[in-house]
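Here is upload-v9.txt, consisting of compact mmCIF, N, CA and C atoms:
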# COMPACT_ATOMS: atom_id res chain seq x y z
N MET A 123 -2.07 3.65 -10.41
CA MET A 123 -2.86 2.84 -9.52
C MET A 123 -3.85 2.03 -10.37
N ILE A 124 -3.97 0.79 -10.03
CA ILE A 124 -4.89 -0.11 -10.74
C ILE A 124 -6.29 0.09 -10.17
N GLU A 125 -7.27 0.35 -11.03
CA GLU A 125 -8.65 0.59 -10.59
C GLU A 125 -9.53 -0.60 -10.91
N VAL A 126 -10.30 -1.05 -9.91
CA VAL A 126 -11.25 -2.15 -10.08
C VAL A 126 -12.61 -1.67 -9.58
N ILE A 127 -13.63 -1.73 -10.43
CA ILE A 127 -14.99 -1.34 -10.07
C ILE A 127 -15.69 -2.57 -9.48
N LYS A 128 -16.10 -2.46 -8.20
CA LYS A 128 -16.75 -3.59 -7.52
C LYS A 128 -18.26 -3.60 -7.75
N THR A 129 -18.89 -2.40 -7.74
CA THR A 129 -20.32 -2.31 -8.00
C THR A 129 -20.57 -1.12 -8.92
N PRO A 130 -21.62 -1.20 -9.74
CA PRO A 130 -21.88 -0.10 -10.68
C PRO A 130 -22.36 1.15 -9.98
N GLY A 131 -22.42 2.23 -10.72
CA GLY A 131 -22.93 3.49 -10.20
C GLY A 131 -21.88 4.57 -10.21
N ASN A 132 -22.17 5.65 -9.48
CA ASN A 132 -21.19 6.73 -9.33
C ASN A 132 -20.21 6.33 -8.24
N HIS A 133 -18.96 6.66 -8.45
CA HIS A 133 -17.91 6.29 -7.50
C HIS A 133 -17.23 7.55 -6.97
N ILE A 134 -16.65 7.42 -5.81
CA ILE A 134 -15.98 8.55 -5.19
C ILE A 134 -14.83 9.03 -6.09
N ALA A 135 -14.70 10.33 -6.18
CA ALA A 135 -13.58 10.90 -6.93
C ALA A 135 -12.31 10.71 -6.10
N TYR A 136 -11.21 10.43 -6.80
CA TYR A 136 -9.93 10.31 -6.11
C TYR A 136 -8.82 10.76 -7.05
N ALA A 137 -7.73 11.13 -6.45
CA ALA A 137 -6.53 11.50 -7.20
C ALA A 137 -5.35 10.85 -6.51
N THR A 138 -4.25 10.72 -7.23
CA THR A 138 -3.06 10.13 -6.64
C THR A 138 -1.86 11.04 -6.83
N THR A 139 -0.91 10.91 -5.92
CA THR A 139 0.41 11.52 -6.08
C THR A 139 1.38 10.35 -6.19
N ASP A 140 2.65 10.62 -6.10
CA ASP A 140 3.60 9.51 -6.19
C ASP A 140 3.59 8.62 -4.95
N LYS A 141 2.90 9.05 -3.87
CA LYS A 141 2.88 8.24 -2.66
C LYS A 141 1.53 8.19 -1.95
N SER A 142 0.55 8.99 -2.39
CA SER A 142 -0.72 9.09 -1.67
C SER A 142 -1.92 8.95 -2.58
N VAL A 143 -3.06 8.64 -1.95
CA VAL A 143 -4.36 8.70 -2.64
C VAL A 143 -5.20 9.70 -1.85
N ILE A 144 -5.88 10.59 -2.59
CA ILE A 144 -6.68 11.65 -1.99
C ILE A 144 -8.12 11.46 -2.46
N PHE A 145 -9.05 11.35 -1.51
CA PHE A 145 -10.44 11.10 -1.83
C PHE A 145 -11.26 12.38 -1.75
N GLY A 146 -12.26 12.49 -2.64
CA GLY A 146 -13.18 13.63 -2.64
C GLY A 146 -12.43 14.92 -2.88
N ASP A 147 -12.92 15.97 -2.27
CA ASP A 147 -12.30 17.29 -2.38
C ASP A 147 -11.30 17.44 -1.22
N GLU A 148 -10.30 16.57 -1.22
CA GLU A 148 -9.29 16.49 -0.15
C GLU A 148 -9.94 16.16 1.19
N ASP A 149 -11.02 15.37 1.14
CA ASP A 149 -11.72 14.96 2.37
C ASP A 149 -10.90 13.96 3.18
N LEU A 150 -10.16 13.10 2.49
CA LEU A 150 -9.34 12.10 3.15
C LEU A 150 -8.13 11.82 2.29
N SER A 151 -6.96 11.92 2.87
CA SER A 151 -5.71 11.65 2.17
C SER A 151 -4.97 10.54 2.92
N ILE A 152 -4.48 9.56 2.20
CA ILE A 152 -3.77 8.45 2.82
C ILE A 152 -2.41 8.30 2.16
N ASN A 153 -1.35 8.39 2.96
CA ASN A 153 0.00 8.20 2.47
C ASN A 153 0.26 6.69 2.42
N LEU A 154 0.21 6.13 1.22
CA LEU A 154 0.37 4.69 1.04
C LEU A 154 1.82 4.27 1.23
N LYS A 155 2.73 5.12 0.83
CA LYS A 155 4.16 4.79 0.97
C LYS A 155 4.51 4.52 2.43
N ASN A 156 3.98 5.33 3.34
CA ASN A 156 4.27 5.14 4.76
C ASN A 156 3.63 3.89 5.34
N ARG A 157 2.63 3.34 4.67
CA ARG A 157 1.92 2.17 5.19
C ARG A 157 2.39 0.86 4.56
N GLN A 158 3.29 0.92 3.59
CA GLN A 158 3.78 -0.31 2.96
C GLN A 158 4.63 -1.10 3.95
N LYS A 159 4.43 -2.40 3.99
CA LYS A 159 5.14 -3.30 4.90
C LYS A 159 5.68 -4.49 4.13
N ASP A 160 6.25 -5.44 4.86
CA ASP A 160 6.78 -6.64 4.23
C ASP A 160 5.68 -7.62 3.84
N GLU A 161 4.45 -7.33 4.22
CA GLU A 161 3.30 -8.11 3.78
C GLU A 161 2.29 -7.13 3.19
N ALA A 162 1.37 -7.65 2.38
CA ALA A 162 0.36 -6.79 1.75
C ALA A 162 -0.49 -6.11 2.82
N VAL A 163 -0.91 -4.88 2.54
CA VAL A 163 -1.74 -4.10 3.46
C VAL A 163 -3.03 -3.71 2.75
N THR A 164 -4.15 -3.86 3.43
CA THR A 164 -5.45 -3.47 2.89
C THR A 164 -6.03 -2.36 3.76
N ILE A 165 -6.48 -1.29 3.14
CA ILE A 165 -7.07 -0.16 3.84
C ILE A 165 -8.51 0.01 3.35
N ASP A 166 -9.45 -0.05 4.29
CA ASP A 166 -10.86 0.16 3.96
C ASP A 166 -11.20 1.64 4.10
N VAL A 167 -11.95 2.16 3.15
CA VAL A 167 -12.44 3.53 3.22
C VAL A 167 -13.96 3.45 3.18
N CYS A 168 -14.58 4.01 4.22
CA CYS A 168 -16.04 3.93 4.36
C CYS A 168 -16.62 5.32 4.54
N GLU A 169 -17.92 5.37 4.41
CA GLU A 169 -18.67 6.59 4.69
C GLU A 169 -19.42 6.35 6.00
N ASP A 170 -19.32 7.32 6.94
CA ASP A 170 -20.01 7.15 8.22
C ASP A 170 -21.45 7.64 8.13
N ILE A 171 -22.14 7.62 9.23
CA ILE A 171 -23.56 7.98 9.27
C ILE A 171 -23.81 9.43 8.84
N ASN A 172 -22.78 10.29 8.98
CA ASN A 172 -22.89 11.70 8.59
C ASN A 172 -22.40 11.97 7.17
N GLY A 173 -22.03 10.91 6.45
CA GLY A 173 -21.53 11.08 5.09
C GLY A 173 -20.06 11.45 5.03
N GLU A 174 -19.36 11.38 6.17
CA GLU A 174 -17.93 11.68 6.21
C GLU A 174 -17.12 10.43 5.90
N LEU A 175 -15.97 10.61 5.29
CA LEU A 175 -15.10 9.48 4.97
C LEU A 175 -14.28 9.08 6.18
N THR A 176 -14.15 7.78 6.37
CA THR A 176 -13.34 7.25 7.47
C THR A 176 -12.44 6.15 6.95
N MET A 177 -11.31 5.99 7.61
CA MET A 177 -10.45 4.84 7.35
C MET A 177 -10.86 3.75 8.32
N GLY A 178 -11.05 2.55 7.80
CA GLY A 178 -11.48 1.45 8.65
C GLY A 178 -12.99 1.29 8.61
N THR A 179 -13.45 0.19 9.17
CA THR A 179 -14.88 -0.13 9.08
C THR A 179 -15.64 0.13 10.38
N ALA A 180 -14.95 0.45 11.47
CA ALA A 180 -15.62 0.59 12.77
C ALA A 180 -16.72 1.65 12.74
N ALA A 181 -16.42 2.84 12.19
CA ALA A 181 -17.42 3.91 12.14
C ALA A 181 -18.17 3.94 10.81
N GLY A 182 -17.78 3.09 9.90
CA GLY A 182 -18.34 3.13 8.55
C GLY A 182 -19.73 2.52 8.45
N GLN A 183 -20.55 3.14 7.63
CA GLN A 183 -21.88 2.63 7.36
C GLN A 183 -21.92 1.86 6.04
N ARG A 184 -21.03 2.26 5.11
CA ARG A 184 -20.96 1.54 3.83
C ARG A 184 -19.58 1.74 3.21
N TYR A 185 -19.20 0.74 2.43
CA TYR A 185 -17.91 0.81 1.74
C TYR A 185 -17.94 1.86 0.65
N VAL A 186 -16.86 2.57 0.50
CA VAL A 186 -16.66 3.51 -0.59
C VAL A 186 -15.52 3.00 -1.47
N ALA A 187 -14.43 2.59 -0.82
CA ALA A 187 -13.26 2.10 -1.54
C ALA A 187 -12.43 1.21 -0.63
N GLN A 188 -11.55 0.49 -1.27
CA GLN A 188 -10.57 -0.32 -0.55
C GLN A 188 -9.27 -0.20 -1.33
N VAL A 189 -8.18 -0.02 -0.61
CA VAL A 189 -6.88 0.12 -1.26
C VAL A 189 -5.98 -1.02 -0.81
N GLU A 190 -5.36 -1.68 -1.76
CA GLU A 190 -4.40 -2.74 -1.47
C GLU A 190 -3.00 -2.24 -1.82
N ILE A 191 -2.12 -2.34 -0.84
CA ILE A 191 -0.72 -1.99 -1.04
C ILE A 191 0.05 -3.31 -1.06
N PRO A 192 0.74 -3.61 -2.15
CA PRO A 192 1.46 -4.89 -2.19
C PRO A 192 2.62 -4.90 -1.20
N ALA A 193 3.06 -6.09 -0.86
CA ALA A 193 4.20 -6.24 0.05
C ALA A 193 5.43 -5.55 -0.55
N ARG A 194 6.24 -4.99 0.32
CA ARG A 194 7.48 -4.33 -0.10
C ARG A 194 8.35 -5.35 -0.83
N ALA A 195 8.91 -4.95 -1.94
CA ALA A 195 9.82 -5.80 -2.71
C ALA A 195 11.26 -5.41 -2.40
N TYR A 196 12.14 -6.37 -2.53
CA TYR A 196 13.55 -6.14 -2.23
C TYR A 196 14.42 -6.62 -3.39
N THR A 197 15.58 -5.99 -3.52
CA THR A 197 16.63 -6.55 -4.38
C THR A 197 17.65 -7.17 -3.44
N GLU A 198 18.17 -8.31 -3.85
CA GLU A 198 19.14 -9.00 -3.01
C GLU A 198 20.45 -9.12 -3.76
N THR A 199 21.52 -8.80 -3.06
CA THR A 199 22.86 -8.95 -3.62
C THR A 199 23.72 -9.71 -2.62
N GLU A 200 24.62 -10.48 -3.15
CA GLU A 200 25.52 -11.25 -2.31
C GLU A 200 26.82 -10.47 -2.17
N GLU A 201 27.30 -10.33 -0.94
CA GLU A 201 28.53 -9.59 -0.68
C GLU A 201 29.46 -10.42 0.19
N LYS A 202 30.71 -10.11 0.09
CA LYS A 202 31.70 -10.76 0.93
C LYS A 202 31.44 -10.35 2.39
N ASN A 203 31.45 -11.32 3.28
CA ASN A 203 31.18 -11.08 4.69
C ASN A 203 32.46 -10.55 5.36
N PRO A 204 32.43 -9.33 5.90
CA PRO A 204 33.62 -8.78 6.54
C PRO A 204 34.00 -9.54 7.82
N ALA A 205 33.07 -10.29 8.39
CA ALA A 205 33.33 -11.05 9.61
C ALA A 205 33.85 -12.46 9.31
N TYR A 206 33.96 -12.78 8.02
CA TYR A 206 34.39 -14.14 7.65
C TYR A 206 35.85 -14.38 7.99
N VAL A 207 36.08 -15.50 8.64
CA VAL A 207 37.43 -15.98 8.92
C VAL A 207 37.45 -17.44 8.50
N GLU A 208 38.44 -17.81 7.66
CA GLU A 208 38.52 -19.18 7.19
C GLU A 208 38.58 -20.13 8.38
N GLY A 209 37.72 -21.14 8.34
CA GLY A 209 37.65 -22.10 9.43
C GLY A 209 36.72 -21.66 10.54
N GLY A 210 36.19 -20.43 10.46
CA GLY A 210 35.28 -19.92 11.49
C GLY A 210 33.85 -20.36 11.23
N THR A 211 32.94 -19.81 11.99
CA THR A 211 31.52 -20.20 11.87
C THR A 211 30.73 -19.28 10.96
N GLU A 212 31.30 -18.14 10.58
CA GLU A 212 30.60 -17.19 9.71
C GLU A 212 30.68 -17.64 8.25
N SER A 213 29.63 -17.33 7.49
CA SER A 213 29.62 -17.62 6.05
C SER A 213 30.55 -16.66 5.33
N GLU A 214 31.09 -17.12 4.21
CA GLU A 214 32.00 -16.26 3.44
C GLU A 214 31.25 -15.11 2.78
N TYR A 215 29.98 -15.35 2.43
CA TYR A 215 29.16 -14.32 1.78
C TYR A 215 27.87 -14.10 2.57
N VAL A 216 27.37 -12.89 2.52
CA VAL A 216 26.09 -12.56 3.14
C VAL A 216 25.19 -11.94 2.07
N VAL A 217 23.90 -12.05 2.28
CA VAL A 217 22.93 -11.47 1.34
C VAL A 217 22.49 -10.12 1.89
N LYS A 218 22.65 -9.10 1.08
CA LYS A 218 22.22 -7.76 1.45
C LYS A 218 20.89 -7.49 0.76
N ARG A 219 19.87 -7.09 1.55
CA ARG A 219 18.53 -6.80 1.01
C ARG A 219 18.30 -5.30 1.04
N GLU A 220 17.94 -4.74 -0.09
CA GLU A 220 17.62 -3.32 -0.21
C GLU A 220 16.18 -3.18 -0.68
N PRO A 221 15.36 -2.40 0.03
CA PRO A 221 13.97 -2.23 -0.43
C PRO A 221 13.94 -1.46 -1.75
N MET A 222 13.06 -1.92 -2.63
CA MET A 222 12.86 -1.22 -3.90
C MET A 222 12.01 0.02 -3.63
N PRO A 223 12.16 1.07 -4.44
CA PRO A 223 11.36 2.28 -4.22
C PRO A 223 9.87 1.98 -4.32
N PHE A 224 9.08 2.72 -3.53
CA PHE A 224 7.63 2.58 -3.57
C PHE A 224 7.11 3.00 -4.94
N ASP A 225 6.15 2.25 -5.47
CA ASP A 225 5.55 2.56 -6.76
C ASP A 225 4.03 2.49 -6.63
N ILE A 226 3.38 3.63 -6.63
CA ILE A 226 1.92 3.67 -6.44
C ILE A 226 1.20 2.92 -7.57
N ASP A 227 1.83 2.76 -8.72
CA ASP A 227 1.20 2.05 -9.84
C ASP A 227 1.01 0.56 -9.56
N THR A 228 1.63 0.03 -8.50
CA THR A 228 1.44 -1.37 -8.13
C THR A 228 0.31 -1.54 -7.13
N CYS A 229 -0.24 -0.44 -6.62
CA CYS A 229 -1.35 -0.49 -5.67
C CYS A 229 -2.67 -0.64 -6.44
N THR A 230 -3.66 -1.21 -5.78
CA THR A 230 -4.97 -1.42 -6.40
C THR A 230 -6.03 -0.71 -5.57
N ILE A 231 -6.95 -0.02 -6.27
CA ILE A 231 -8.09 0.59 -5.59
C ILE A 231 -9.36 -0.07 -6.09
N TYR A 232 -10.19 -0.51 -5.15
CA TYR A 232 -11.49 -1.10 -5.45
C TYR A 232 -12.54 -0.06 -5.11
N LEU A 233 -13.49 0.16 -6.02
CA LEU A 233 -14.50 1.20 -5.83
C LEU A 233 -15.90 0.61 -5.79
N TRP A 234 -16.69 1.05 -4.82
CA TRP A 234 -18.08 0.67 -4.69
C TRP A 234 -18.96 1.83 -5.10
N GLY A 235 -20.09 1.53 -5.73
CA GLY A 235 -21.05 2.59 -6.11
C GLY A 235 -21.57 3.30 -4.89
N LEU A 236 -21.80 4.60 -5.01
CA LEU A 236 -22.23 5.42 -3.88
C LEU A 236 -23.74 5.43 -3.69
N GLU A 237 -24.49 4.92 -4.61
CA GLU A 237 -25.96 4.91 -4.50
C GLU A 237 -26.40 4.00 -3.37
N ALA A 238 -27.47 4.39 -2.69
CA ALA A 238 -27.98 3.60 -1.56
C ALA A 238 -28.60 2.31 -2.02
Take the structure in the file and write it out as structure tokens.
Amino acid sequence: MIEVIKTPGNHIAYATTDKSVIFGDEDLSINLKNRQKDEAVTIDVCEDINGELTMGTAAGQRYVAQVEIPARAYTETEEKNPAYVEGGTESEYVVKREPMPFDIDTCTIYLWGLEA
């Protein structure tokens, strides 16, 4: 995971697995693989009024981190179209798109200092 420090100070501890980011002492775990889409996804992590971690900004009092998941990438291969008939309306070849495996190393985490 790519780390970017947004403000100086102490930052929340986090760990990663091959698909998730875990904040604090397992206070909040987010499965990034399950949230990857065909467009980039941004997840805000905030601290609420009680010092608890939340996803999103609605209950948050201050930013702790932000995670960016890049858009899903695909490999494309051209294959013979089984529906193709010479003189018909179907193309002779079709493009097959296969999603590439999720790679947490392409995600970015932005960290804000925890000091008030």
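Take atom CA of A:Cys168 and atom CA of A:Ala195: the distance between them is 28.5 Å.
Proximity to A:Pro130 was assessed for A:Asp227, A:Thr164, A:Val186, A:Ala181 counting only C-alpha atoms; the smallest distance is recorded for A:Val186.
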Using DSSP on the backbone coordinates, identify the residues of chain A assigned to strand (DSSP E or B); present them as a ChimeraX atom specification.
-> /A:124-127,136-138,142-145,150-153,163-169,175-177,184-191,196-202,215-221,230-233
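When the distance limit is 6 Å and only C-alpha atoms are what count, the residues near stretch 216-219 of chain A, minus those fewer than 4 positions from it on the same chain, are Tyr196, Thr197, Glu198, Thr199, Glu200, Glu201 and Asn203 of chain A.
The neighbours of A:Thr129 here are the residues that come within 10 Å of it, using only C-alpha atoms and leaving out any residue fewer than 3 positions away in the same chain; they are A:Val126, A:Asn132, A:His133, A:Tyr232, A:Leu233, A:Trp234, A:Gly235, A:Leu236, A:Glu237.
A search radius of 7 Å centred on (-6.7, 3.7, 5.9), applied to only N, CA and C atoms, returns the residues Ile152, Thr164, Ile165, Asp166, Val167, Thr176, Met177 and Gly178 of chain A.
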In chain A, DSSP alpha helix (DSSP H) residues written as number ranges by chain | A: 154-157
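Distances from A:Glu169, A:Glu174, A:Gly209, A:Ile124 to A:Asp149 were compared using only C-alpha atoms, and the smallest one belongs to A:Glu174.
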